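Shown next: final-v5.txt, containing compact mmCIF, C-alpha atoms.
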# COMPACT_ATOMS: atom_id res chain seq x y z
CA MET A 1 -23.15 13.08 -28.60
CA VAL A 2 -22.60 9.68 -30.05
CA ASN A 3 -19.14 10.77 -31.09
CA ASP A 4 -18.27 11.68 -27.52
CA LYS A 5 -19.23 8.24 -26.33
CA ASP A 6 -17.18 6.62 -29.07
CA ASP A 7 -14.18 8.73 -28.15
CA SER A 8 -14.27 7.81 -24.52
CA GLN A 9 -14.64 4.16 -25.38
CA ARG A 10 -11.97 4.26 -28.01
CA LYS A 11 -9.41 5.92 -25.78
CA LYS A 12 -7.36 3.33 -23.94
CA LYS A 13 -6.98 3.42 -20.18
CA GLU A 14 -3.99 5.61 -19.64
CA SER A 15 -2.87 6.68 -16.26
CA ILE A 16 -3.34 10.31 -15.38
CA VAL A 17 -0.19 10.24 -13.28
CA ASP A 18 3.29 9.32 -14.31
CA LEU A 19 5.17 7.66 -11.50
CA SER A 20 8.26 7.02 -13.58
CA LYS A 21 9.60 10.39 -12.52
CA PHE A 22 9.56 9.17 -8.91
CA LEU A 23 11.49 5.97 -9.57
CA ASP A 24 14.48 5.59 -7.25
CA LYS A 25 13.37 8.67 -5.38
CA LYS A 26 12.13 8.89 -1.84
CA VAL A 27 8.38 9.35 -1.69
CA ARG A 28 5.90 9.88 1.10
CA VAL A 29 2.74 7.86 0.80
CA LYS A 30 -0.45 8.45 2.74
CA PHE A 31 -3.11 5.81 3.16
CA GLN A 32 -6.77 5.59 3.95
CA GLY A 33 -7.07 5.06 7.67
CA GLY A 34 -4.36 7.61 8.45
CA ARG A 35 -1.18 5.60 8.02
CA GLU A 36 1.83 7.22 6.37
CA ALA A 37 4.99 5.69 5.02
CA THR A 38 8.16 6.89 3.30
CA GLY A 39 10.40 4.87 1.04
CA VAL A 40 12.30 4.73 -2.22
CA LEU A 41 9.98 3.95 -5.10
CA LYS A 42 11.26 0.85 -6.85
CA GLY A 43 8.23 -0.18 -8.85
CA TYR A 44 4.56 0.38 -9.48
CA ASP A 45 1.71 -0.79 -11.64
CA GLN A 46 -1.36 0.67 -13.31
CA LEU A 47 -3.46 0.10 -10.20
CA LEU A 48 -1.09 2.27 -8.16
CA ASN A 49 0.31 -0.60 -6.13
CA LEU A 50 3.82 0.47 -5.17
CA VAL A 51 7.08 -1.21 -4.29
CA LEU A 52 8.96 0.84 -1.69
CA ASP A 53 12.45 -0.01 -0.54
CA GLY A 54 13.80 0.83 2.90
CA ALA A 55 10.33 1.91 3.90
CA ILE A 56 9.56 3.43 7.27
CA GLU A 57 6.14 3.96 8.74
CA HIS A 58 5.41 7.22 10.53
CA LEU A 59 3.62 6.36 13.71
CA ARG A 60 0.74 8.30 15.14
CA ASP A 61 0.32 9.69 18.61
CA ALA A 62 -1.15 7.19 21.00
CA GLU A 63 -3.59 9.74 22.37
CA ASP A 64 -4.61 11.33 19.08
CA PRO A 65 -4.43 9.08 16.05
CA THR A 66 -4.98 12.01 13.73
CA VAL A 67 -1.57 13.43 14.61
CA ILE A 68 1.55 12.06 12.96
CA GLY A 69 4.35 12.16 15.50
CA ASP A 70 8.10 11.83 15.14
CA GLU A 71 8.28 8.15 15.88
CA THR A 72 8.90 5.78 13.03
CA ARG A 73 9.43 2.09 12.58
CA ASN A 74 11.42 0.32 9.88
CA LEU A 75 9.56 -1.89 7.47
CA GLY A 76 12.12 -2.59 4.75
CA LEU A 77 11.00 -3.71 1.31
CA ILE A 78 7.21 -3.39 1.11
CA VAL A 79 4.33 -3.47 -1.31
CA ALA A 80 1.84 -0.66 -0.77
CA ARG A 81 -1.71 -1.42 -1.93
CA GLY A 82 -2.98 1.02 -4.52
CA THR A 83 -6.52 0.63 -3.24
CA ALA A 84 -5.51 2.19 0.07
CA ILE A 85 -3.26 4.98 -1.19
CA THR A 86 -4.51 8.56 -1.06
CA VAL A 87 -1.34 10.62 -1.63
CA VAL A 88 2.04 10.03 -3.25
CA ALA A 89 4.42 12.96 -2.88
CA PRO A 90 8.18 13.50 -3.01
CA ALA A 91 9.58 13.13 0.46
CA ASP A 92 11.99 15.99 0.07
CA GLY A 93 9.41 18.49 -0.97
CA MET A 94 7.49 18.56 2.27
CA GLU A 95 7.71 20.31 5.58
CA GLN A 96 5.25 20.69 8.39
CA ILE A 97 4.02 24.27 8.93
CA PRO A 98 1.88 25.77 11.68
CA ASN A 99 -1.82 25.71 10.94
CA PRO A 100 -2.48 28.67 8.63
CA PHE A 101 -6.17 28.53 9.47
CA ALA A 102 -5.73 28.76 13.23
CA ASN A 103 -6.95 32.37 13.39
CA ALA A 104 -10.06 31.64 11.41
CA ASP A 105 -11.12 29.10 14.05
CA GLU A 106 -11.06 31.68 16.79
CA GLN A 107 -13.37 34.13 14.97
CA PHE B 108 -10.46 -13.40 -25.31
CA GLY B 109 -7.89 -14.68 -22.87
CA LYS B 110 -7.41 -13.58 -19.33
CA ARG B 111 -4.55 -11.14 -19.23
CA ARG B 112 -1.55 -12.11 -17.20
CA ARG B 113 -1.43 -10.14 -14.02
CA GLY B 114 0.78 -7.11 -14.47
CA GLU B 115 0.35 -6.81 -18.21
CA MET B 116 -1.95 -4.03 -19.27
CA THR B 117 -2.79 -2.49 -22.61
CA SER B 118 -1.28 0.88 -23.33
CA THR B 119 0.52 0.96 -20.01
CA SER B 120 3.35 3.38 -19.77
CA VAL B 121 4.97 1.38 -16.98
CA ASN B 122 8.56 0.75 -17.91
CA PRO B 123 9.00 -3.04 -17.93
CA SER B 124 12.28 -2.73 -16.07
CA THR B 125 10.53 -1.55 -12.88
CA LEU B 126 9.58 -4.10 -10.29
CA LEU B 127 5.90 -4.96 -10.40
CA PRO B 128 4.34 -5.01 -6.93
CA LEU B 129 2.25 -8.11 -7.48
CA GLU B 130 5.26 -9.94 -8.85
CA LEU B 131 7.03 -9.23 -5.59
CA VAL B 132 4.08 -10.69 -3.70
CA ASP B 133 4.11 -13.68 -6.02
CA LYS B 134 7.76 -14.35 -5.21
CA CYS B 135 6.79 -14.44 -1.58
CA ILE B 136 4.50 -17.43 -1.98
CA GLY B 137 5.74 -20.09 0.39
CA SER B 138 7.44 -17.62 2.73
CA ARG B 139 6.34 -15.56 5.67
CA ILE B 140 4.60 -12.32 4.91
CA TRP B 141 3.57 -9.48 7.21
CA VAL B 142 0.30 -7.81 6.25
CA ILE B 143 -0.58 -4.39 7.68
CA MET B 144 -4.24 -3.41 7.59
CA LYS B 145 -5.76 0.05 7.37
CA ASN B 146 -6.75 -0.15 11.02
CA ASP B 147 -4.47 -1.13 13.88
CA LYS B 148 -4.36 -4.78 12.99
CA GLU B 149 -1.45 -6.73 11.52
CA ILE B 150 -1.22 -10.32 10.36
CA VAL B 151 1.85 -12.50 9.89
CA GLY B 152 1.55 -15.79 8.06
CA THR B 153 2.92 -18.07 5.39
CA LEU B 154 1.58 -17.02 2.03
CA SER B 155 -0.17 -19.82 0.18
CA GLY B 156 -1.58 -17.65 -2.54
CA PHE B 157 -3.55 -14.60 -3.52
CA ASP B 158 -5.89 -13.37 -6.23
CA ASP B 159 -6.28 -10.29 -8.39
CA TYR B 160 -7.90 -8.43 -5.51
CA VAL B 161 -5.05 -9.46 -3.23
CA ASN B 162 -7.31 -11.48 -1.01
CA MET B 163 -4.79 -13.82 0.61
CA VAL B 164 -4.65 -17.37 1.85
CA LEU B 165 -2.31 -17.59 4.83
CA GLU B 166 -1.18 -20.43 7.08
CA ASP B 167 0.25 -20.50 10.60
CA VAL B 168 -1.15 -17.10 11.24
CA VAL B 169 -0.39 -14.72 14.09
CA GLU B 170 -2.63 -11.71 14.48
CA PHE B 171 -1.43 -8.49 16.17
CA GLU B 172 -3.76 -5.89 17.55
CA ASN B 173 -1.78 -2.71 18.03
CA THR B 174 -3.53 -0.29 20.32
CA PRO B 175 -4.75 -2.19 23.36
CA ASP B 176 -1.15 -3.47 23.48
CA GLY B 177 -2.28 -6.94 24.27
CA LYS B 178 -0.70 -8.10 21.06
CA LYS B 179 -0.85 -11.60 19.74
CA VAL B 180 -3.90 -13.57 18.99
CA THR B 181 -2.55 -16.78 17.53
CA LYS B 182 -4.53 -18.69 14.97
CA LEU B 183 -3.49 -21.76 13.09
CA ASP B 184 -4.80 -23.68 10.13
CA THR B 185 -5.49 -21.66 7.07
CA ILE B 186 -7.22 -18.34 6.80
CA LEU B 187 -8.63 -16.34 3.95
CA LEU B 188 -7.74 -12.70 4.51
CA ASN B 189 -10.08 -10.24 2.83
CA GLY B 190 -7.95 -7.90 0.74
CA ASN B 191 -10.28 -4.94 1.16
CA HIS B 192 -8.46 -3.45 4.12
CA ILE B 193 -4.88 -4.30 3.32
CA THR B 194 -2.54 -1.30 3.36
CA MET B 195 0.96 -2.73 3.19
CA LEU B 196 2.64 -6.07 2.63
CA VAL B 197 6.11 -6.91 3.89
CA PRO B 198 7.53 -10.05 2.28
CA GLY B 199 9.59 -12.09 4.67
CA GLY B 200 8.49 -9.84 7.51
CA GLU B 201 8.24 -11.09 11.04
CA GLY B 202 5.68 -8.61 12.27
CA PRO B 203 5.84 -5.77 14.75
CA GLU B 204 8.22 -5.78 17.68
CA VAL B 205 6.64 -7.67 20.52
I'd like the structure from this file rewritten - as structure tokens, please.
Amino acid sequence: MVNDKDDSQRKKKESIVDLSKFLDKKVRVKFQGGREATGVLKGYDQLLNLVLDGAIEHLRDAEDPTVIGDETRNLGLIVARGTAITVVAPADGMEQIPNPFANADEQ
Amino acid sequence: FGKRRRGEMTSTSVNPSTLLPLELVDKCIGSRIWVIMKNDKEIVGTLSGFDDYVNMVLEDVVEFENTPDGKKVTKLDTILLNGNHITMLVPGGEGPEV
């Protein structure tokens, strides 16, 4: 028991994710509050703050802010706050699919 | 025990050749910066400084409220912007299209 506590104190704070594999790649970042942005990852730190180059923000529908539409706006070189980030994913690995749970709702 | 310089961490696996986000913000001190909040609010101002929590001191501030589309609430003097709700920072940015 005491050994466990020592171990967790002795172990240095290492990140559980490795963003170096995303460097110079296009990533899609989702934020608390529903915003989404895409950009080339140029830098990051331990707190998950990101530097994105050529970033665009995906705008939401005016009527329904939970829906991400097709409209975007250019932001350029930005810093994304790690405190607000929920998801970092490769931009090329994503596609929107129809709701697979739609039938379950009707039952 | 000295205060660690911002950006330097023990045991970090961050390659030093990548651009540190807070360094980019630091370079922006003295210039205009566009701050996008988690909600539909955006702030453009001249960056005087910021702290470890990225609370920011801004001057000549213009505030944009996105949804009601009555954008622009202009404030002057100096404001302290609470960093809690900041989502994105655009150095040198002019703000959203009017």
Near chain B, meaning an atom within 8 Å, which residues of chain A appear when counting all atoms listed in the file? Write them as a short mmCIF file (atom, residue, chain, number, x, y, z; two decimals) with C-alpha atoms, keeping the file's coordinate frame.
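Just written: iface17.cif:
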data_model
loop_
_atom_site.label_atom_id
_atom_site.label_comp_id
_atom_site.auth_asym_id
_atom_site.auth_seq_id
_atom_site.Cartn_x
_atom_site.Cartn_y
_atom_site.Cartn_z
CA LYS A 12 -7.36 3.33 -23.94
CA LYS A 13 -6.98 3.42 -20.18
CA GLU A 14 -3.99 5.61 -19.64
CA SER A 15 -2.87 6.68 -16.26
CA SER A 20 8.26 7.02 -13.58
CA PHE A 31 -3.11 5.81 3.16
CA GLN A 32 -6.77 5.59 3.95
CA GLY A 33 -7.07 5.06 7.67
CA GLY A 34 -4.36 7.61 8.45
CA ARG A 35 -1.18 5.60 8.02
CA LYS A 42 11.26 0.85 -6.85
CA GLY A 43 8.23 -0.18 -8.85
CA TYR A 44 4.56 0.38 -9.48
CA ASP A 45 1.71 -0.79 -11.64
CA GLN A 46 -1.36 0.67 -13.31
CA ASN A 49 0.31 -0.60 -6.13
CA LEU A 50 3.82 0.47 -5.17
CA VAL A 51 7.08 -1.21 -4.29
CA ALA A 62 -1.15 7.19 21.00
CA LEU A 75 9.56 -1.89 7.47
CA GLY A 76 12.12 -2.59 4.75
CA LEU A 77 11.00 -3.71 1.31
CA ILE A 78 7.21 -3.39 1.11
CA VAL A 79 4.33 -3.47 -1.31
CA ALA A 80 1.84 -0.66 -0.77
CA ARG A 81 -1.71 -1.42 -1.93
CA THR A 83 -6.52 0.63 -3.24
CA ALA A 84 -5.51 2.19 0.07
CA ILE A 85 -3.26 4.98 -1.19
#
Interatomic distance between CA of Asn99 in chain A and CA of Asp70 in chain A?
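Atom-to-atom, CA of Asn99 in chain A and CA of Asp70 in chain A are spaced 17.6 Å apart.
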Compile the contact shell of range 180-186 of chain B as a list in words: residues with an atom at most 7 Å away, counting all atoms listed in the file, same-chain residues fewer than 5 positions apart removed.
Val164, Leu165, Glu166, Asp167, Val168, Val169, Glu170 and Phe171 of chain B
Interatomic distance between CA of Thr38 in chain A and CA of Leu187 in chain B?
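CA of Thr38 in chain A sits 28.7 Å away from CA of Leu187 in chain B.
One distance worth recording is that between CA of Pro175 in chain B and CA of Leu52 in chain A, which is 28.7 Å.
Nearest-residue note for Lys26 in chain A: choosing from A:Ala102, A:Ile68, A:Ala91, A:Ile97, the minimum distance belongs to A:Ala91, counting all atoms listed in the file.
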Write out as lines of an AutoDock Vina configuration file an axis-aligned box for range 149-161 of chain B: all of its atoms listed in the file, 5 Å added on each side, centre and edge lengths in Å with one decimal.
center_x = -2.5
center_y = -13.3
center_z = 1.6
size_x = 20.8
size_y = 23.1
size_z = 29.9
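Counting all atoms listed in the file, the residue from A:Glu95, A:Glu71, A:Asp24, A:Asp18 that sits nearest to Ile56 in chain A is A:Glu71.
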With 12 Å as the threshold, what does the neighbourhood of (7.4, 17.6, -5.1) contain in terms of residues, counting all atoms listed in the file? Coordinates are those of the file; answer as a list of chain:residue names.
A:Lys21, A:Phe22, A:Lys25, A:Lys26, A:Val27, A:Arg28, A:Val87, A:Val88, A:Ala89, A:Pro90, A:Ala91, A:Asp92, A:Gly93, A:Met94, A:Glu95
For Ile136 in chain B: contacts at 9 Å, all atoms listed in the file, fewer than 4 positions along chain excluded, given as a PDB file with C-alpha atoms, keeping the file's coordinate frame:
ATOM      1  CA  VAL B 132       4.080 -10.690  -3.700  1.00  0.00           C
ATOM      2  CA  ILE B 140       4.600 -12.320   4.910  1.00  0.00           C
ATOM      3  CA  THR B 153       2.920 -18.070   5.390  1.00  0.00           C
ATOM      4  CA  LEU B 154       1.580 -17.020   2.030  1.00  0.00           C
ATOM      5  CA  SER B 155      -0.170 -19.820   0.180  1.00  0.00           C
ATOM      6  CA  GLY B 156      -1.580 -17.650  -2.540  1.00  0.00           C
ATOM      7  CA  PHE B 157      -3.550 -14.600  -3.520  1.00  0.00           C
TER       8      PHE B 157
END
